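Notes to accompany the following structure.
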Amino acid sequence: MKVRVKLFAVARQLAGRDELELSLPAGATIGELRHALGEQSPELASLAQHAMFAVGTEYADDRTTIPENADLACIPPVSGG
Amino acid sequence: MKVRVKLFAVARQLAGRDELELSLPAGATIGELRHALGEQSPELASLAQHAMFAVGTEYADDRTTIPENADLACIPPVSGG
Amino acid sequence: MVELTQTTIDTAEVLRCVSSPAAGAVVLFLGTAREFTAGRRTASLDYECYPAMAEKKLAELEAEARRRWPIVACAIVHRVGHLDLGEASVAVAVSAPHRHTAFEAGRWLIDTLKEVVPIWKKENWADGASKWVHPGLTQPNDECANDE
Amino acid sequence: MVELTQTTIDTAEVLRCVSSPAAGAVVLFLGTAREFTAGRRTASLDYECYPAMAEKKLAELEAEARRRWPIVACAIVHRVGHLDLGEASVAVAVSAPHRHTAFEAGRWLIDTLKEVVPIWKKENWADGASKWVHPGLTQPNDECANDE
């Protein structure tokens, strides 16, 4: 399946864009997304190890299965406030 | 010596005035003032046991000797804020 | 900056007073006139103080806070006189490089103000009774006539 | 009430939003753009967020604070975009019957906001460099070119 991942802050800066498209096997997990993101975009590999990911507007852990057509986002360590 | 004691809040209310004049022996302490206040104005006796006293603008304990011409104040438990 | 005032506390001015590019955090505390206390309805409040001593104690609080914490600025304004429901009786503002400093200093300032500064509150209850509030003091009558 | 805004935070409006005769205490926290961090001078800040998720997380923070403490009202406003020195990036206001509740809830809200809400700060240093701030993250270059 094709998924699109929103990028923010240093992730957006490193990738030079605010969204990436990846191909993942159906039923892939966030852990697999984390790995695939680093493979496809080596400049994001280190960050992808330390970022959180969101499915829709909720944080998801590495075991979470990615639903079809999910809104995915890479969430680097936050610094609001 | 004659001393004048400022009264506030319930002390002022109970005494019906905002200042009292008392006669104390020269060299009297705050402890003696506390006692004399209750003797002279029985309506203040209970409060005088529990109030703080100030010499000038500083809290004073019972052993403090009252200077001549001191500004004295009876400070019931405070409730600002 | 410390102040006793007879009029409405200008919170915008209090905040301006502590704002600084050296500060990353500002904490403002407002004490406000609450309608219900232990189920009993308040109509208004009156605050009275011993002015010279209250000002001195407030200034001492600011100085002690500056000794204890690396704060940038501090403002304490206490209102005296008659307050309607919802109005602020006190404003304490602290700015500091970091937020934990501002929270700790702000909380210490209002906690200590309530223990040592010679200011007194009178509750004017909605049922017409009035009573000076003196924490820890057993008063002859729970309800005294208004003395003003 | 939670809000993301592109413009100056109106602190008077934030305070109005939490004021209530049911409250005896209001605590307002402001995070402000500080000039020096570890001796290095900041010229300005930029904040970016994931809007839909940031709003949801802010609303969850308010709901959780209401579960944890008997607060009367709560307002959280976070600014995004470009900020000059001294400007407020965030305002958190809590009103409660008693002050300790307001302090505890206010401090928990800003502490937790800084951990979970998807908002990011970029420091624009006075020397011309810029850097996204990502606590705990080792970044390839300590100084990256401004990406805007």
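Each chain in the structure tokens gets a letter, A, B, ..., in the order shown, and its residues are numbered from 1; ligands are numbered from 1 in order too.
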Worksheet item: Can you tell me, as number ranges by chain, what residues are no more than 8 Å from A:Ser79 when counting only C-alpha atoms, ignoring any on the same chain fewer than 6 positions away?
Response: D: 114-115, 118-121, 133-135
Discussion item. Could you list, as a count of residues only, every residue within 7 Å of D:Gly106, counting only C-alpha atoms and ignoring same-chain residues fewer than 4 positions away?
Written reply: 6
Item to complete: Select residues of chain C: the criterion is any atom within 10 Å of an atom of chain D, counting only C-alpha atoms; output as an MDAnalysis selection string.
Response: chainID C and resid 10:12 15 19:37 42 84:100 102:104 106:107 110:111
Worksheet item: For chain C, which residue out of B:Leu22, B:Gly27, B:Lys6, B:Arg63 is the nearest one, using only C-alpha atoms?
Response: B:Lys6
Worksheet item: Per DSSP on the backbone, what are the strand (DSSP E or B) residues of chain A, as a list in words?
Response: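 Everything in chain A that counts as strand (DSSP E or B) is Lys2, Val3, Arg4, Val5, Lys6, Glu19, Leu20, Glu21, Leu22, Ser23, Thr29, Met52, Phe53, Ala54, Val55, Glu58, Tyr59, Ala60, Thr65, Leu72, Ala73, Cys74 and Ile75 of chain A.
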Practice prompt. Could you give me, as an MDAnalysis selection string, the residues within 8 Å of stretch 46-52 of chain B, counting only C-alpha atoms and dropping anything in the same chain fewer than 6 positions from it?
Written response: (chainID B and resid 11 34:35 37:38 59:61 74:77) or (chainID C and resid 137)
Discussion item. At a cut-off of 9 Å, using only C-alpha atoms, what residues contact A:Ala36? Leave out same-chain residues fewer than 5 positions from it and give the result as a list in words.
Written reply: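 Here the qualifying residues turn out to be Leu22, Ser23, Leu24, Gly31, Ser41 and Ala45 of chain A.
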Please, which residues in chain A fall within 6 Å of chain D when counting only C-alpha atoms, and what is the closest atom pair and distance in Å to one decimal for each, ordered by chain then residue number, as CSV?
residue,atom,partner,partner_atom,distance
A:Val10,CA,D:Trp132,CA,5.8
A:Thr57,CA,D:Met53,CA,4.6
A:Pro77,CA,D:His134,CA,4.9
A:Val78,CA,D:Trp120,CA,5.4
A:Ser79,CA,D:Trp120,CA,4.6
A:Gly80,CA,D:Ile119,CA,4.6
A:Gly81,CA,D:Lys114,CA,5.5
Based on the selection just made, write C-alpha atoms of those residues as a tab-separated table (two decimals), in the first residue's frame.
chain	number	residue	atom	x	y	z
A	10	VAL	CA	13.84	19.25	11.37
A	57	THR	CA	-4.02	12.59	15.38
A	77	PRO	CA	10.73	15.50	19.79
A	78	VAL	CA	8.40	18.41	20.50
A	79	SER	CA	9.50	21.82	21.77
A	80	GLY	CA	6.35	23.88	22.13
A	81	GLY	CA	5.56	25.98	25.17
Discussion item. Quick check, in Å to one decimal: how far apart do atom CA of D:Cys17 and atom CA of D:Arg68 lie?
Written reply: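 Computed distance, atom CA of D:Cys17 to atom CA of D:Arg68, equals 20.3 Å.
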Worksheet item: Among stretch 38-78 of chain B, which ones does DSSP place in helix (DSSP H, G or I), written as a count of residues only?
Response: 12
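Across the structure, atom CA of B:Leu14 and atom CA of B:Gln40 are spaced 13.1 Å apart.
With atom CA of C:Ile76 on one side and atom CA of B:Asp18 on the other, the separation reads 26.7 Å.
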Determine, counting only C-alpha atoms, which protein, DNA and RNA residues have an atom within 7 Å of an atom of B:Leu72; residues of the same chain fewer than 6 positions away are not included. Present the result as an mmCIF file with N, CA and C atoms, in the first residue's frame.
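Printed below is around_5.cif as written:
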data_model
loop_
_atom_site.group_PDB
_atom_site.id
_atom_site.type_symbol
_atom_site.label_atom_id
_atom_site.label_comp_id
_atom_site.auth_asym_id
_atom_site.auth_seq_id
_atom_site.Cartn_x
_atom_site.Cartn_y
_atom_site.Cartn_z
ATOM 1 N N ARG B 4 0.413 54.105 72.655
ATOM 2 C CA ARG B 4 -0.794 54.028 71.832
ATOM 3 C C ARG B 4 -0.676 52.777 70.975
ATOM 4 N N VAL B 5 -1.761 52.029 70.887
ATOM 5 C CA VAL B 5 -1.760 50.763 70.142
ATOM 6 C C VAL B 5 -2.802 50.849 69.034
ATOM 7 N N LYS B 6 -2.352 50.694 67.804
ATOM 8 C CA LYS B 6 -3.281 50.674 66.667
ATOM 9 C C LYS B 6 -4.073 49.375 66.677
ATOM 10 N N ALA B 54 3.122 44.510 66.807
ATOM 11 C CA ALA B 54 4.209 45.108 66.037
ATOM 12 C C ALA B 54 4.732 46.326 66.778
ATOM 13 N N VAL B 55 6.051 46.467 66.766
ATOM 14 C CA VAL B 55 6.711 47.683 67.232
ATOM 15 C C VAL B 55 7.219 48.364 65.978
ATOM 16 N N GLY B 56 6.716 49.562 65.729
ATOM 17 C CA GLY B 56 6.978 50.156 64.419
ATOM 18 C C GLY B 56 6.313 49.265 63.393
#
